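Colleague: Handing you a structure now.
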Amino acid sequence: MNPAEEVLDIVDERDRVIGRATRAEVYASGLRHRCVFVLATDARGRIFVHRRTATKLVFPSLYDMFVGGVVGAGEEYDDAALREAQEELGTAALPRPEPLFRFLYENDGQSWWSAVYQVRCEGPVNPQAEEVAWHSFLTEEELEQRLDQWDWVPDGSFAYERLKAHRGRAR
């Protein structure tokens with residue numbers, strides 16, 4: 001299926017479903033929907049970082065420290081997190097991602113409820129060529145060094161800052 005034709009739930013400011021629309025309609029009209037962000041680490045604790053392909057509907061060719069995407073109509077956040085992580089990492093050998101927190105992302109007429117997860121990927125990855133133009137596992141220090149050097153997806157950058165704050169509270 002063409003990604004623009006995928007049907008998504010439209011949600012209100014409290015994350016309650018109030019309708020449905022295609023991804024193309026959601027993006028064109030700035031309708032609030034749901035997304036998942038999964039921080040994937042390898043057995044050594046390094047973070048999977050990738051550059052999105054130039055053909056992506058949103059934020060093409062930008063770097064991201066999360067795998068993830070939109071939650072389909074009628075789909076649960078947890079199921080979407082596992083599906084998206086398996087698709088983008090190209091492996092079915094993943095445990096169910098651990099939910100961490102949710103937040104409402106709003107920026108430049110865009111709005112989506114975001115659920116942040118983490119998962120350990122101990123096997124080899126084979127990222128989808130349609131989604132991922134480049135990838136590597138970076139230490140957190142290497143990632144931090146590149147935050148000011150590379151162009152990052154804005155929602156992922158926001159989610160990463162929230163994750164760092166969440167970890168600070170969790171300690």
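The way I read the labels, and the way they are meant: chains A, B, ... in the order of the structure tokens, residue 1 as the first residue of every chain, and ligand 1 as the first ligand shown, with later ones counted on from there.
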Any idea what's packed within 12 Å of Pro99 (chain A), counting only C-alpha atoms, ignoring anything in its chain fewer than 3 positions away? Could you give it as JSON, numbers by chain?
Modeller: {"A": [36, 37, 38, 39, 77, 78, 79, 80, 81, 82, 96, 102, 114, 115, 116, 117, 118, 119, 163]}
Colleague: Would you mind listing what lies within 12 Å of Val7 (chain A) as a PyMOL selection string, with only C-alpha atoms counted and same-chain residues fewer than 3 positions away left out?
Modeller: chain A and resi 1-4+10+19-27+33-34+70-75
Colleague: Based on DSSP run over this structure's backbone, return all residues of region 137-166 of chain A in alpha helix (DSSP H), as number ranges by chain.
Modeller: A: 140-146, 154-166
Colleague: The selected residues should be written to file as a CSV table (one decimal), in the first residue's frame (atoms: N, CA and C atoms).
Modeller:
chain,number,residue,atom,x,y,z
A,140,GLU,N,26.3,6.8,23.2
A,140,GLU,CA,25.6,8.0,23.6
A,140,GLU,C,26.5,9.3,23.4
A,141,GLU,N,27.8,9.1,23.8
A,141,GLU,CA,28.7,10.2,23.6
A,141,GLU,C,28.9,10.6,22.1
A,142,GLU,N,29.0,9.6,21.3
A,142,GLU,CA,29.1,9.9,19.8
A,142,GLU,C,27.9,10.6,19.3
A,143,LEU,N,26.7,10.1,19.8
A,143,LEU,CA,25.4,10.7,19.4
A,143,LEU,C,25.4,12.2,19.8
A,144,GLU,N,25.7,12.4,21.1
A,144,GLU,CA,25.7,13.8,21.6
A,144,GLU,C,26.7,14.7,20.8
A,145,GLN,N,27.8,14.2,20.4
A,145,GLN,CA,28.8,15.0,19.6
A,145,GLN,C,28.2,15.4,18.2
A,146,ARG,N,27.3,14.6,17.7
A,146,ARG,CA,26.7,14.9,16.4
A,146,ARG,C,25.4,15.7,16.4
A,154,PRO,N,13.0,17.0,13.8
A,154,PRO,CA,12.6,17.8,15.0
A,154,PRO,C,11.9,17.1,16.1
A,155,ASP,N,11.0,16.2,15.7
A,155,ASP,CA,10.2,15.5,16.7
A,155,ASP,C,11.1,14.5,17.4
A,156,GLY,N,12.0,13.8,16.7
A,156,GLY,CA,13.0,12.9,17.4
A,156,GLY,C,13.9,13.7,18.3
A,157,SER,N,14.4,14.8,17.9
A,157,SER,CA,15.3,15.6,18.8
A,157,SER,C,14.5,16.0,20.1
A,158,PHE,N,13.2,16.4,19.9
A,158,PHE,CA,12.4,16.8,21.1
A,158,PHE,C,12.2,15.6,22.0
A,159,ALA,N,11.9,14.4,21.4
A,159,ALA,CA,11.7,13.2,22.1
A,159,ALA,C,13.0,12.8,22.8
A,160,TYR,N,14.1,13.0,22.2
A,160,TYR,CA,15.4,12.6,22.8
A,160,TYR,C,15.7,13.5,24.0
A,161,GLU,N,15.4,14.8,23.9
A,161,GLU,CA,15.6,15.7,25.1
A,161,GLU,C,14.7,15.3,26.2
A,162,ARG,N,13.4,14.9,25.9
A,162,ARG,CA,12.5,14.4,26.9
A,162,ARG,C,13.0,13.1,27.5
A,163,LEU,N,13.5,12.2,26.7
A,163,LEU,CA,14.1,11.0,27.2
A,163,LEU,C,15.2,11.2,28.2
A,164,LYS,N,16.1,12.1,27.9
A,164,LYS,CA,17.2,12.4,28.8
A,164,LYS,C,16.7,13.0,30.1
A,165,ALA,N,15.7,13.8,30.0
A,165,ALA,CA,15.0,14.4,31.3
A,165,ALA,C,14.4,13.3,32.0
A,166,HIS,N,13.7,12.4,31.3
A,166,HIS,CA,13.0,11.2,32.0
A,166,HIS,C,14.0,10.4,32.7
Colleague: Mind giving me the straight-line distance from CA of Arg167 (chain A) to CA of Val49 (chain A) in Å, one decimal?
Modeller: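 It comes out at 19.2 Å.
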Colleague: Can you tell me how far CA of Asp9 (chain A) sits from CA of Asp64 (chain A), in Å to one decimal?
Modeller: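 Computing it gives 24.0 Å between the two atoms.
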Colleague: Can you work out the spacing between CA of Ala85 (chain A) and CA of Ala28 (chain A) in Å, to one decimal?
Modeller: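 Straight-line distance from CA of Ala85 (chain A) to CA of Ala28 (chain A) works out to 25.7 Å.
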Colleague: Please identify all polymer residues within 6 Å of Arg52 (chain A), counting only C-alpha atoms, omitting same-chain residues fewer than 6 positions from it, and present them as a PyMOL selection string.
Modeller: chain A and resi 60-62+131-133
Colleague: Using only C-alpha atoms, which protein or nucleic acid residues come within 6 Å of Ser111 (chain A)? Drop anything in the same chain fewer than 5 positions from it, and give the result as a VMD selection string.
Modeller: chain A and resid 32 105 to 106
Colleague: Store the residues of this selection in a file with N, CA and C atoms, as a PDB file, in the first residue's frame.
Modeller:
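Resulting contents of selection18.pdb:
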ATOM      1  N   ARG A  32      -4.246  15.970  14.338  1.00  0.00           N
ATOM      2  CA  ARG A  32      -3.524  15.307  15.434  1.00  0.00           C
ATOM      3  C   ARG A  32      -3.736  13.796  15.332  1.00  0.00           C
ATOM      4  N   TYR A 105       3.354  16.246  20.995  1.00  0.00           N
ATOM      5  CA  TYR A 105       4.287  17.030  20.201  1.00  0.00           C
ATOM      6  C   TYR A 105       3.492  18.011  19.352  1.00  0.00           C
ATOM      7  N   GLU A 106       3.848  19.282  19.429  1.00  0.00           N
ATOM      8  CA  GLU A 106       3.208  20.305  18.603  1.00  0.00           C
ATOM      9  C   GLU A 106       4.283  21.262  18.111  1.00  0.00           C
TER      10      GLU A 106
END
Colleague: Nearest residue to Cys35 (chain A) out of A:Leu89, A:Val11, A:Leu138, A:Leu147, using only C-alpha atoms?
Modeller: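 Smallest distance to Cys35 (chain A) is found for A:Val11.
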Colleague: So which residues touch Ser136 (chain A) within 9 Å, counting only C-alpha atoms, skipping near sequence neighbours fewer than 3 positions away, as a PyMOL selection string?
Modeller: chain A and resi 47-50
Colleague: Write the selection just made, keeping all heavy atoms, as a PDB file, in the first residue's frame?
Modeller:
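Printed below is selection.pdb as written:
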ATOM      1  N   ILE A  47      23.367   3.135  20.474  1.00  0.00           N
ATOM      2  CA  ILE A  47      22.070   3.553  19.946  1.00  0.00           C
ATOM      3  C   ILE A  47      22.060   3.450  18.419  1.00  0.00           C
ATOM      4  O   ILE A  47      22.983   3.935  17.753  1.00  0.00           O
ATOM      5  CB  ILE A  47      21.759   4.997  20.398  1.00  0.00           C
ATOM      6  CG1 ILE A  47      21.710   5.070  21.922  1.00  0.00           C
ATOM      7  CG2 ILE A  47      20.451   5.493  19.777  1.00  0.00           C
ATOM      8  CD1 ILE A  47      21.727   6.491  22.479  1.00  0.00           C
ATOM      9  N   PHE A  48      20.993   2.863  17.892  1.00  0.00           N
ATOM     10  CA  PHE A  48      20.802   2.788  16.446  1.00  0.00           C
ATOM     11  C   PHE A  48      20.444   4.189  15.949  1.00  0.00           C
ATOM     12  O   PHE A  48      19.454   4.783  16.366  1.00  0.00           O
ATOM     13  CB  PHE A  48      19.668   1.814  16.109  1.00  0.00           C
ATOM     14  CG  PHE A  48      19.397   1.686  14.641  1.00  0.00           C
ATOM     15  CD1 PHE A  48      20.145   0.833  13.847  1.00  0.00           C
ATOM     16  CD2 PHE A  48      18.378   2.413  14.048  1.00  0.00           C
ATOM     17  CE1 PHE A  48      19.886   0.697  12.484  1.00  0.00           C
ATOM     18  CE2 PHE A  48      18.114   2.288  12.684  1.00  0.00           C
ATOM     19  CZ  PHE A  48      18.874   1.433  11.911  1.00  0.00           C
ATOM     20  N   VAL A  49      21.262   4.725  15.052  1.00  0.00           N
ATOM     21  CA  VAL A  49      21.061   6.050  14.461  1.00  0.00           C
ATOM     22  C   VAL A  49      20.988   5.849  12.954  1.00  0.00           C
ATOM     23  O   VAL A  49      21.731   5.037  12.399  1.00  0.00           O
ATOM     24  CB  VAL A  49      22.215   7.006  14.833  1.00  0.00           C
ATOM     25  CG1 VAL A  49      22.078   8.335  14.123  1.00  0.00           C
ATOM     26  CG2 VAL A  49      22.283   7.201  16.343  1.00  0.00           C
ATOM     27  N   HIS A  50      20.095   6.593  12.314  1.00  0.00           N
ATOM     28  CA  HIS A  50      19.964   6.438  10.871  1.00  0.00           C
ATOM     29  C   HIS A  50      19.596   7.760  10.199  1.00  0.00           C
ATOM     30  O   HIS A  50      19.159   8.700  10.850  1.00  0.00           O
ATOM     31  CB  HIS A  50      18.927   5.363  10.538  1.00  0.00           C
ATOM     32  CG  HIS A  50      17.523   5.739  10.901  1.00  0.00           C
ATOM     33  ND1 HIS A  50      17.044   5.699  12.185  1.00  0.00           N
ATOM     34  CD2 HIS A  50      16.504   6.167  10.145  1.00  0.00           C
ATOM     35  CE1 HIS A  50      15.777   6.084  12.204  1.00  0.00           C
ATOM     36  NE2 HIS A  50      15.425   6.378  10.972  1.00  0.00           N
TER      37      HIS A  50
END
Colleague: Just want the 10 Å neighbourhood of Arg44 (chain A), counted on only C-alpha atoms, with same-chain residues fewer than 4 positions away dropped. Output as an NGL selection string.
Modeller: :A and (120-122 or 137-139)
Colleague: For the residues selected in the previous step, produce a file with C-alpha atoms as a compact mmCIF listing (two decimals), in the first residue's frame.
Modeller:
# COMPACT_ATOMS: atom_id res chain seq x y z
CA ARG A 120 17.53 -4.02 22.96
CA CYS A 121 18.36 -5.46 19.55
CA GLU A 122 20.93 -8.19 20.09
CA PHE A 137 25.14 2.07 16.19
CA LEU A 138 26.67 4.99 18.12
CA THR A 139 27.56 5.39 21.75
Colleague: May I ask which of the residues A:Ala129, A:Ala54, A:Met65, A:Ala40 is the closest one to Leu94 (chain A), counting only C-alpha atoms?
Modeller: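 The answer is A:Ala40, which sits nearest to Leu94 (chain A).
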Colleague: Given the choices A:Gly69, A:Glu88, A:Trp134, A:Gly123, which gets closest to Asp42 (chain A) if the distance is worked out from only C-alpha atoms?
Modeller: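 Looking at the shortest contact to Asp42 (chain A), the residue is A:Gly123.
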